Amino acid sequence: MWRGAAGVIDVIVPRRRRSRPSLRAHECRRLDPLDVTRVRNIPVTTVARTLVDLGAVLDAHRLANVIHEAAFHDLFDAAATQAAMDRARGHHGLSALAEAIAAHESGSAGTRSALEDRFLALVRTNGLPEPRVNTRVKGVEVDFHFPDRRLCVEIDGPGHGRPRTQEQDRTRDEKLRAAAQTVLRFTARDLDDSGRVVAQLDG
């Protein structure tokens, strides 16, 4: 469910334990038996409970991407997740998870890269309206969509420099512009000049 590599193994323990280089311990004195299952005979938290715990360390858009990946692999159960949230009342990851579920239900796949995370942070820092993230507009999936402004923003990583990808991007952009959408594209270098990016978003 997670796009990044796991550098350490996270372990839930009933009382405070010292972490080790390859193991990171998390104290949890009340873990409901319903939130535990077994994989290869190893006790692990269920997907639903794992989402609750991730809410404490991921923002809503990154968590929405985890939910998107879980749903793709037929691992996300909305009812089971809500039940796990109910059992974990008081857990400080619940608000982020609720927001992530709402984003998922609206069609957002959450942020998928560090560059997308940077752009979203820039939007929030400058008080701009919150966009929809990795959502579909007129049948085209876009990185960010500001529906009130009919504005689509694409964040181009290194792979977008290839000729074939550039041709695909032009075709997508033409389809969006034909649907009366404005399309802006930013690279990592563009994001370094945040003032210029904000000026274009405000324009």
# chains A, B, ... in the order shown; residues from 1 in each chain; ligands from 1
call {"tool": "closest_atom_pairs", "arguments": {"of": "region 91-185 of chain A", "to": "region 2-26 of chain A", "cutoff": "12 Å", "atoms": "only C-alpha atoms", "output": "tab-separated table"}}
result
residue	atom	partner	partner_atom	distance
A:Gly110	CA	A:Arg3	CA	11.6
A:Thr111	CA	A:Arg3	CA	10.4
A:Arg112	CA	A:Arg3	CA	7.7
A:Ser113	CA	A:Arg3	CA	8.6
A:Ala114	CA	A:Gly4	CA	10.4
call {"tool": "write_last_selection", "arguments": {"atoms": "N, CA and C atoms", "output": "PDB file, in the first residue's frame"}}
result
ATOM      1  N   GLY A 110      -4.725  10.988  -3.960  1.00  0.00           N
ATOM      2  CA  GLY A 110      -3.683  11.485  -3.075  1.00  0.00           C
ATOM      3  C   GLY A 110      -2.400  11.809  -3.820  1.00  0.00           C
ATOM      4  N   THR A 111      -1.416  12.333  -3.109  1.00  0.00           N
ATOM      5  CA  THR A 111      -0.145  12.682  -3.748  1.00  0.00           C
ATOM      6  C   THR A 111       0.684  11.422  -3.965  1.00  0.00           C
ATOM      7  N   ARG A 112       1.422  11.427  -5.099  1.00  0.00           N
ATOM      8  CA  ARG A 112       2.157  10.234  -5.489  1.00  0.00           C
ATOM      9  C   ARG A 112       3.659  10.430  -5.548  1.00  0.00           C
ATOM     10  N   SER A 113       4.131  11.618  -5.280  1.00  0.00           N
ATOM     11  CA  SER A 113       5.573  11.861  -5.380  1.00  0.00           C
ATOM     12  C   SER A 113       5.966  12.993  -4.442  1.00  0.00           C
ATOM     13  N   ALA A 114       7.259  13.089  -4.191  1.00  0.00           N
ATOM     14  CA  ALA A 114       7.768  14.171  -3.352  1.00  0.00           C
ATOM     15  C   ALA A 114       7.525  15.529  -4.009  1.00  0.00           C
TER      16      ALA A 114
END
call {"tool": "select_by_dssp", "arguments": {"residues": "region 146-192 of chain A", "states": "strand (DSSP E)", "output": "list in words"}}
result
Phe146, Leu151, Cys152, Val153, Glu154, Ile155, Asp156, Thr182, Val183, Leu184, Arg185, Phe186 and Thr187 of chain A
call {"tool": "closest_atom_pairs", "arguments": {"of": "region 6-122 of chain A", "to": "region 176-188 of chain A", "cutoff": "10 Å", "atoms": "only C-alpha atoms", "output": "Markdown table"}}
result
| residue | atom | partner | partner_atom | distance |
| --- | --- | --- | --- | --- |
| A:Ala114 | CA | A:Ala188 | CA | 9.9 |
| A:Leu115 | CA | A:Ala188 | CA | 6.7 |
| A:Glu116 | CA | A:Ala188 | CA | 9.6 |
| A:Arg118 | CA | A:Ala188 | CA | 9.0 |
| A:Phe119 | CA | A:Phe186 | CA | 9.0 |
call {"tool": "closest_residue", "arguments": {"among": "A:Ile155, A:Val39, A:Ile101, A:Ala48", "to": "Ala83 (chain A)", "atoms": "only C-alpha atoms"}}
result
A:Ala48
call {"tool": "atom_distance", "arguments": {"atom1": "CA of Asp202 (chain A)", "atom2": "CA of Ala103 (chain A)"}}
result
23.8 Å
call {"tool": "closest_residue", "arguments": {"among": "A:Gly139, A:Pro43, A:Gly55, A:Gly157", "to": "Gly93 (chain A)", "atoms": "only C-alpha atoms"}}
result
A:Gly55
call {"tool": "select_by_dssp", "arguments": {"residues": "region 15-192 of chain A", "states": "helix (DSSP H, G or I)", "output": "ChimeraX atom specification"}}
result
/A:33-35,47-54,60-72,78-87,94-105,114-125,147-149,158-161,163-178,188-192
call {"tool": "closest_residue", "arguments": {"among": "A:Leu201, A:Val57, A:Ala71, A:Ala80", "to": "Leu128 (chain A)", "atoms": "only C-alpha atoms"}}
result
A:Leu201
call {"tool": "closest_residue", "arguments": {"among": "A:Val137, A:Val198, A:Leu54, A:Ile42", "to": "Arg150 (chain A)", "atoms": "only C-alpha atoms"}}
result
A:Val137
call {"tool": "closest_residue", "arguments": {"among": "A:Val47, A:Leu151, A:Val197, A:Met1", "to": "Ala79 (chain A)", "atoms": "only C-alpha atoms"}}
result
A:Val47
call {"tool": "atom_distance", "arguments": {"atom1": "CA of Leu31 (chain A)", "atom2": "CA of Thr46 (chain A)"}}
result
11.1 Å
call {"tool": "residues_around", "arguments": {"residues": "Asp86 (chain A)", "least_positions_apart": "6", "cutoff": "12 Å", "atoms": "only C-alpha atoms", "output": "mmCIF file with C-alpha atoms, in the first residue's frame"}}
result
data_model
loop_
_atom_site.group_PDB
_atom_site.id
_atom_site.type_symbol
_atom_site.label_atom_id
_atom_site.label_comp_id
_atom_site.auth_asym_id
_atom_site.auth_seq_id
_atom_site.Cartn_x
_atom_site.Cartn_y
_atom_site.Cartn_z
ATOM 1 C CA ASP A 32 -8.421 -4.509 20.210
ATOM 2 C CA LEU A 34 -10.322 -7.265 16.137
ATOM 3 C CA ASP A 35 -7.490 -5.054 14.892
ATOM 4 C CA ALA A 48 -7.910 -0.839 8.733
ATOM 5 C CA ARG A 49 -5.895 -0.425 11.946
ATOM 6 C CA VAL A 52 -5.472 4.515 11.698
ATOM 7 C CA ALA A 79 -16.809 -0.213 6.859
ATOM 8 C CA ALA A 80 -13.921 -2.071 8.531
ATOM 9 C CA LEU A 94 -8.168 9.895 13.233
ATOM 10 C CA ALA A 98 -11.180 10.941 8.050
#
call {"tool": "closest_residue", "arguments": {"among": "A:Gly203, A:Gly161, A:Pro33, A:Gly195", "to": "Leu122 (chain A)", "atoms": "only C-alpha atoms"}}
result
A:Gly195
